[in-house]
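Here is the structure we will look at.
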Amino acid sequence: MNPTRPLKSRIDASQGRIPCDLVLTNARYFDVFTCAWKTGALSIFDGVIVGVEDPLPAKRSIDLKGAAVVPGFIDAHVHVESSLMTPGEFEKNVVSRGTTAAICDPHEIANVAGTSGIEWFLKCAEQTKLDLRVMLSSCVPASHLETNGAGIITGKHLAPYQSHPKVLGLAEMMNFPGVIHTDDEVMNKLEQFSHQRIDGHSPLLRGQALSSYLVGGASSCHECVFLDEASEKVSKGMSVWIREGSVARDLENLIPLLKMETSTSLGFCTDDRNPLDIREQGHLDYLVREAIRRGTAPELVFRSASWSVARHYSLDKNDIHGNIRMGAIAPGYVANLVVLDDIRSVAIREVFQKGIPASELQFAKLPDPSFSNTVKISALTEADFLAPKGRVHIMDVLPGKILTDRHVGNSDDPGVAQLTVLERYGHFQKPAHAYAKGFGENFKGAMASTVGHDSHNLILVGTNAGDMKVAAEALAKSGGGFCVVQNGAVLAQLALPIGGLMTSQTSAEIHQQLTALKEAAKQIGCELHEPFLQLAFLSLPVIPSLKLTNLGLVDVDAFQLISLTV
């Protein structure tokens, strides 16, 4: 290859004047443009498909013997930090499962560490084999109703990163009230990114309010829960990403919307998916498999899982940074490919990342993070965990949803547990308290997490002050993470010392500890399938209806703090 003229070399390879790097013969490949299957040989040079007809001369040939080939899957919206893994460990676990690109919002580490967290993530994205593209975090913090570690990230803070080769635009604009009511800082960001993609985040928003939000520039939503909600958004020009994370599981409700006429407006995303589910079920391949299992035509699923997302983010075009278009199996597209032994079960034989088999990828050592010792709390007493009693607002936890319902009841009603959020960045504020129902009628003890979306303060649920104190102290000592406590003893714990969000351990090590944590949670009576991420979202004040931050109980519908007692 001529390193100074890659385009000429690719054309030369496409004409057989120089050998290709690889040719995949006897392929049955999927054409996303016509939703049809075709047969041919996929000739690859410099990571790019240069021929799909007869095999071209190549240094290496692999006979697929009629196996199906589809474009690599693109995760339309993901927070890598929610996998608890560093980007380097994350890519090792998802590329082999068919995820060859991901649209990332690093706002978890941004809320903890500010722009230094974004810079670290961008440096990692420059070196990963997995094609990580970044949407710059729009809402740090998510609202004025909480305290994070980074303070406020303004448009001026984001400006130096806008032209970065990995940056596509502005990440999920969670402050939809700020859009509708034309908050000055929100307007500044929307205008600053008006020439780039702006991701939306508008749970349950409909009618004229949705229309006003769209006028602001948001172009996608991954927060749809109901079919008619998603349908309205598609009809108003939004792309809808069907989400199936570890807590928010919306695929069953939304998959009936995926038809030929909507397939270019729908994609798939994991948003927040933990390593247990990735290892045991899969990553995007799980969503693709489930969509097909539920009766959707495989062709529509494969199109939405690749080209539709690429098209939305203009990844189907070459750019000024030298990035080659992706999302299809066609000449001039990057050779991100998934080879399937069976289409309906999505049985993956091999994945090619820029023409290199995943089994042969050499992953780079990524930059070391420097976000340790982020859990800074004052000395605690049991009195710090005594919440007001009596007639109170109660959060109703909905399994598999990050939305909550609400009701008024007594603090000592059966199945009601106490929630506490403790600011953990050294401001030493008094903890805030609330009550929740849904962890289990026989729940007894405490669980704690420093993964508390999106400001990531220390959030606990428990039935007695002693166990809650022990849990908080255990996480402060480990630099963050998850733990389960009963009768004053820590039954299980996972340390997350990188910003209180991630660990440098392998996914196998994380899997082992998460399994022990889930067993311990079950042992103390927790009935939730995903207890820790479910707990984490109870402090996110941009998802209806009732949430708890370090500043107090939030009525998300009214977007204001309210009294716990009634």
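Numbering starts fresh at 1 for the residues of each chain in the structure tokens, the chains themselves are lettered A, B, ... in the order given, and ligands are numbered from 1 as they appear.
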
Near-Gly66 (chain A) list (10 Å; only C-alpha atoms; drop same-chain fewer than 6 positions) as a CSV table (one decimal) with N, CA and C atoms, in the first residue's frame:
```csv
chain,number,residue,atom,x,y,z
A,25,THR,N,-14.6,-15.8,0.3
A,25,THR,CA,-15.3,-16.4,-0.8
A,25,THR,C,-16.6,-17.1,-0.4
A,26,ASN,N,-17.5,-17.3,-1.3
A,26,ASN,CA,-18.7,-18.0,-1.1
A,26,ASN,C,-19.5,-17.4,0.1
A,27,ALA,N,-19.7,-16.1,0.0
A,27,ALA,CA,-20.4,-15.4,1.0
A,27,ALA,C,-21.8,-15.1,0.6
A,28,ARG,N,-22.8,-15.2,1.5
A,28,ARG,CA,-24.1,-14.8,1.3
A,28,ARG,C,-24.3,-13.6,2.2
A,29,TYR,N,-24.2,-12.4,1.6
A,29,TYR,CA,-24.1,-11.2,2.3
A,29,TYR,C,-25.4,-10.4,2.2
A,39,THR,N,-25.1,-13.1,-3.2
A,39,THR,CA,-23.9,-14.0,-3.1
A,39,THR,C,-22.8,-13.4,-3.8
A,40,GLY,N,-21.6,-13.6,-3.3
A,40,GLY,CA,-20.4,-13.1,-3.9
A,40,GLY,C,-19.2,-13.3,-3.1
A,340,LEU,N,-22.4,-15.3,10.3
A,340,LEU,CA,-23.4,-16.0,11.1
A,340,LEU,C,-23.5,-17.4,10.6
A,341,ASP,N,-23.5,-18.4,11.5
A,341,ASP,CA,-23.8,-19.8,11.1
A,341,ASP,C,-25.3,-20.0,10.9
```

_Near-Glu299 (chain A) list (10 Å; only C-alpha atoms; drop same-chain fewer than 5 positions) as a list of chain:residue names_ = A:Phe30, A:Asp31, A:Val32, A:Thr34, A:Cys35, A:Ala36, A:Trp37, A:Val70, A:Met260, A:Ser263, A:Ile292, A:Ser304, A:Ala305, A:Ile343

Mind writing the picked residues with N, CA and C atoms as a compact mmCIF listing (two decimals), in the first residue's frame?
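Resulting contents of again13.txt:
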```txt
# COMPACT_ATOMS: atom_id res chain seq x y z
N PHE A 30 -25.67 -9.60 3.24
CA PHE A 30 -26.91 -8.83 3.32
C PHE A 30 -26.70 -7.43 2.78
N ASP A 31 -27.54 -7.06 1.85
CA ASP A 31 -27.53 -5.74 1.23
C ASP A 31 -28.54 -4.86 1.97
N VAL A 32 -28.05 -3.92 2.78
CA VAL A 32 -28.94 -3.09 3.60
C VAL A 32 -29.77 -2.12 2.76
N THR A 34 -31.29 -2.65 -0.20
CA THR A 34 -32.48 -3.25 -0.80
C THR A 34 -33.12 -4.30 0.11
N CYS A 35 -32.51 -4.52 1.28
CA CYS A 35 -32.98 -5.56 2.21
C CYS A 35 -33.04 -6.92 1.54
N ALA A 36 -32.02 -7.22 0.75
CA ALA A 36 -31.95 -8.50 0.03
C ALA A 36 -30.63 -9.20 0.33
N TRP A 37 -30.65 -10.52 0.17
CA TRP A 37 -29.43 -11.32 0.33
C TRP A 37 -28.79 -11.53 -1.04
N VAL A 70 -23.43 -10.14 7.72
CA VAL A 70 -24.20 -8.91 7.91
C VAL A 70 -23.23 -7.82 8.38
N MET A 260 -40.85 -2.27 7.57
CA MET A 260 -40.05 -1.77 6.46
C MET A 260 -40.06 -0.24 6.41
N SER A 263 -37.93 1.21 9.35
CA SER A 263 -36.63 0.60 9.65
C SER A 263 -35.46 1.57 9.54
N ILE A 292 -35.56 -10.74 16.54
CA ILE A 292 -35.92 -11.77 15.56
C ILE A 292 -36.80 -12.84 16.21
N SER A 304 -31.58 -2.19 10.80
CA SER A 304 -31.68 -1.22 11.89
C SER A 304 -30.49 -1.28 12.83
N ALA A 305 -29.88 -2.44 12.95
CA ALA A 305 -28.74 -2.61 13.86
C ALA A 305 -27.44 -2.09 13.27
N ILE A 343 -28.99 -17.42 10.83
CA ILE A 343 -29.51 -16.06 10.85
C ILE A 343 -30.48 -15.84 12.00
```

_Need the shell around Ala379 (chain A): protein/DNA/RNA residues with any atom at most 10 Å away, counting only C-alpha atoms. Skip same-chain ones fewer than 3 positions apart. Format as a VMD selection string?_
chain A and resid 376 384 428 469 473

Generate a file of the selected residues that holds N, CA, C and O atoms, formatted as a tab-separated table (two decimals), in the first residue's frame.
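Result file is again.tsv:
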```
chain	number	residue	atom	x	y	z
A	376	LYS	N	-15.38	10.88	49.21
A	376	LYS	CA	-14.91	11.69	50.34
A	376	LYS	C	-16.12	12.08	51.20
A	376	LYS	O	-16.85	13.00	50.87
A	384	ASP	N	-27.16	9.60	61.32
A	384	ASP	CA	-27.19	10.15	59.96
A	384	ASP	C	-28.15	9.38	59.05
A	384	ASP	O	-28.53	9.88	57.98
A	428	PHE	N	-19.44	17.37	52.28
A	428	PHE	CA	-19.87	16.95	53.61
A	428	PHE	C	-21.26	17.46	53.98
A	428	PHE	O	-21.50	18.00	55.07
A	469	LYS	N	-25.08	2.37	57.69
A	469	LYS	CA	-23.81	3.00	58.07
A	469	LYS	C	-22.63	2.10	57.68
A	469	LYS	O	-21.64	2.57	57.11
A	473	GLU	N	-19.67	3.07	54.87
A	473	GLU	CA	-18.25	3.08	55.27
A	473	GLU	C	-17.43	2.09	54.45
A	473	GLU	O	-16.27	2.36	54.11
```

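Interatomic distance, CA of Ile153 (chain A) to CA of His427 (chain A): 18.5 Å.
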
*Long-range neighbours of Val397 (chain A) as a PyMOL selection string, 8 Å cut-off, only C-alpha atoms, 5 positions minimum in chain*: chain A and resi 403-405+436-439

*Quick one: residues within 9 Å of region 493-504 of chain A, only C-alpha atoms counted, chain neighbours fewer than 4 positions away excluded, as number ranges by chain?*
A: 81-86, 89, 108-109, 112-113, 369-375, 449-451, 456, 474-475, 478-484, 510, 513-514, 516-517

_Going by DSSP on the backbone, which residues of region 271-481 of chain A come out as strand (DSSP E or B)? List them as a ChimeraX atom specification._
/A:271,334,337-342,347-353,356-357,376,391-397,404-410,416-422,425,432-437,446-449,458-462,481

*Rank A:Pro141, A:Gly488, A:Gly295, A:Gly267 by their smallest atom-to-atom distance to Gly327 (chain A), using only C-alpha atoms, and report the top residue only.*
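Between A:Pro141, A:Gly488, A:Gly295, A:Gly267, the residue approaching Gly327 (chain A) most closely is A:Gly267.
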
_Near-Tyr435 (chain A) list (6 Å; only C-alpha atoms; drop same-chain fewer than 3 positions) as a PyMOL selection string_ = chain A and resi 394+417-419

Export N, CA and C atoms of the chosen residues as a PDB file, in the first residue's frame?
```
ATOM      1  N   ILE A 394     -43.916   7.837  48.807  1.00  0.00           N
ATOM      2  CA  ILE A 394     -43.188   6.578  48.618  1.00  0.00           C
ATOM      3  C   ILE A 394     -42.974   6.334  47.127  1.00  0.00           C
ATOM      4  N   ALA A 417     -38.872   0.307  52.233  1.00  0.00           N
ATOM      5  CA  ALA A 417     -37.494   0.436  52.718  1.00  0.00           C
ATOM      6  C   ALA A 417     -37.063   1.897  52.621  1.00  0.00           C
ATOM      7  N   GLN A 418     -36.039   2.223  53.362  1.00  0.00           N
ATOM      8  CA  GLN A 418     -35.539   3.601  53.363  1.00  0.00           C
ATOM      9  C   GLN A 418     -34.479   3.787  52.276  1.00  0.00           C
ATOM     10  N   LEU A 419     -34.543   4.902  51.577  1.00  0.00           N
ATOM     11  CA  LEU A 419     -33.495   5.325  50.654  1.00  0.00           C
ATOM     12  C   LEU A 419     -32.710   6.462  51.285  1.00  0.00           C
TER      13      LEU A 419
END
```

*Glu91 (chain A) surroundings by only C-alpha atoms, 9 Å radius, close-in-sequence under 3 positions cut, as a count of residues only*: 12

*For each of A:Ser137, A:Ser163, A:Ser507, A:Gln523, take the minimum atom-to-atom distance to Ile278 (chain A), counting only C-alpha atoms, then give the residue where this is smallest.*
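Ranking A:Ser137, A:Ser163, A:Ser507, A:Gln523 by distance to Ile278 (chain A), first place goes to A:Ser507.
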
*In Å to one decimal, how far is CA of Asn457 (chain A) from CA of Lys477 (chain A)?*
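CA of Lys477 (chain A) sits 14.9 Å away from CA of Asn457 (chain A).
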
_My list of candidates is A:Leu42, A:Val490, A:Ala13, A:Ala364. Which is closest to Tyr333 (chain A) when distances are computed with only C-alpha atoms?_
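Of A:Leu42, A:Val490, A:Ala13, A:Ala364, the one nearest Tyr333 (chain A) is A:Leu42, counting only C-alpha atoms.
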
Closest contacts (region 49-168 of chain A/region 542-563 of chain A, max 9 Å, only C-alpha atoms) as a Markdown table:
```
| residue | atom | partner | partner_atom | distance |
| --- | --- | --- | --- | --- |
| A:Ala142 | CA | A:Val542 | CA | 7.1 |
| A:Ser143 | CA | A:Val542 | CA | 7.4 |
| A:Leu145 | CA | A:Leu551 | CA | 6.5 |
| A:Glu146 | CA | A:Thr549 | CA | 5.6 |
| A:Thr147 | CA | A:Asn550 | CA | 6.8 |
```
